[in-house]
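Notes to accompany the following structure.
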Amino acid sequence: AQSVTQPDIHITVSEGASLELRCNYSYGATPYLFWYVQSPGQGLQLLLKYFSGDTLVQGIKGFEAEFKRSQSSFNLRKPSVHWSDAAEYFCAVGNNAGNMLTFGGGTRLMVKP
Amino acid sequence: DAGVTQSPTHLIKTRGQQVTLRCSPKSGHDTVSWYQQALGQGPQFIFQYYEEEERQRGNFPDRFSGHQFPNYSSELNVNALLLGDSALYLCASSSGTRNYGYTFGSGTRLTVV
């Protein structure tokens, strides 16, 4: 069975500082990996995805993520955080059938001015 | 171009009652997936509908059922409501079943008292 672990429930960073959100997955085959962001009262917005190829993936809003098969990780990074990045971030793995996402528990990001 | 529309946005039900939630997919999308997001947790896959049939189901009891109409809109029905069914219910639409190009709605917040 596939699973996703996001070890950090809450993270607080200062505006302008760099950010790394951790994600570890468990999946038997080549994973389809995703990062979503959710603002209060909103649905999920896709930041980036990895299916195959280059292990460093660029997304929207200046985010990037690196797939490391040896560590079963797909960590999300941003070099300089903006106050508007405060939100909940979810890592997810998709099954090979392309019809089901399994999400981690999420990391709530707070940004200090 | 309208995205995914869910209704109602909020509702309160009593234990033992039944509830129906509705979802209209994004224009051009023909597949609808439903997710349950309990407070402080990541979304959990309930099921996916395509061509008016349930194509994939997550680990949810039979109290959770759905329907898809010829215009691709969908309903999620929950019978014999439990307090633990209180959650944000998210609808996601896509084009075809083997496609992770999801667009999520803002969700329906269900409170069971």
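Convention: chains lettered A, B, ... in structure tokens order; per-chain residue numbering from 1; ligands numbered from 1 as shown.
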Next on the checklist: Which residues are near range 8-11 of chain A? Cut-off 6 Å, only C-alpha atoms, ignore same chain within fewer than 2 positions. Put them as a list of chain:residue names.
Outcome noted: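 Residues meeting the cut-off are A:Gln6, A:Thr107, A:Arg108, A:Leu109.
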Item to check | Contact residues (chain A, partner chain B, 9 Å, only C-alpha atoms) as a PyMOL selection string | outcome: chain A and resi 41-46+90-91+94+96-106
Checklist entry - CA of Ser14 in chain A to CA of Tyr36 in chain A: how many Å, to one decimal? => result 21.3 Å
Next on the checklist: Report as a list in words all protein, DNA and RNA residues lying within 10 Å of Arg15 in chain B, evaluated on only C-alpha atoms, omitting residues in the same chain fewer than 3 positions from it.
Outcome noted: Ile12, Gln18, Asn79, Ala80, Leu81, Leu82, Leu83, Gly84, Asp85, Thr111, Val112 and Val113 of chain B
Checklist entry - Do you have the CA of Leu76 in chain A-CA of Phe34 in chain A distance handy? => result 9.8 Å
Checklist entry - Neighbours of Gly66 in chain B within 7 Å (only C-alpha atoms; same-chain residues fewer than 5 positions away dropped), as an MDAnalysis selection string? => result chainID B and resid 75:77
Next on the checklist: To test your reading of the structure, identify every residue in chain A that backbone DSSP assigns to helix (DSSP H, G or I), and report it as a PyMOL selection string.
Outcome noted: chain A and resi 60-62+69-71+83-85
Checklist entry - What gap, in Å, lies between CA of Phe67 in chain A and CA of Leu47 in chain A? => result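 Separation of CA of Phe67 in chain A and CA of Leu47 in chain A: 14.6 Å.
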Item to check | DSSP-assigned strand (DSSP E) members of range 61-108 of chain A, reported as number ranges by chain | outcome: A: 64-68, 73-78, 87-94, 101-103, 107-108
Tell me which protein, DNA and RNA residues are within 8 Å of Val78 in chain B, counting only C-alpha atoms, leaving out same-chain ones fewer than 3 positions away, and put them as a short mmCIF file (atom, residue, chain, number, x, y, z; two decimals) with N, CA and C atoms, in the first residue's frame.
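Resulting contents of out-v2.cif:
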```
data_model
loop_
_atom_site.label_atom_id
_atom_site.label_comp_id
_atom_site.auth_asym_id
_atom_site.auth_seq_id
_atom_site.Cartn_x
_atom_site.Cartn_y
_atom_site.Cartn_z
N GLN B 18 -29.03 11.44 6.66
CA GLN B 18 -28.38 11.21 5.38
C GLN B 18 -28.08 12.57 4.76
N VAL B 19 -27.00 12.62 3.94
CA VAL B 19 -26.63 13.89 3.32
C VAL B 19 -26.21 13.64 1.88
N THR B 20 -26.47 14.63 1.04
CA THR B 20 -26.04 14.60 -0.37
C THR B 20 -25.25 15.85 -0.68
N ARG B 63 -21.62 3.03 3.47
CA ARG B 63 -22.48 4.20 3.77
C ARG B 63 -22.17 5.36 2.82
N PHE B 64 -20.99 5.32 2.25
CA PHE B 64 -20.58 6.34 1.28
C PHE B 64 -20.88 5.81 -0.12
N SER B 65 -21.70 6.53 -0.83
CA SER B 65 -22.02 6.12 -2.19
C SER B 65 -22.05 7.36 -3.07
N LEU B 81 -25.24 9.05 9.24
CA LEU B 81 -24.09 9.88 9.59
C LEU B 81 -23.59 9.63 11.01
#
```
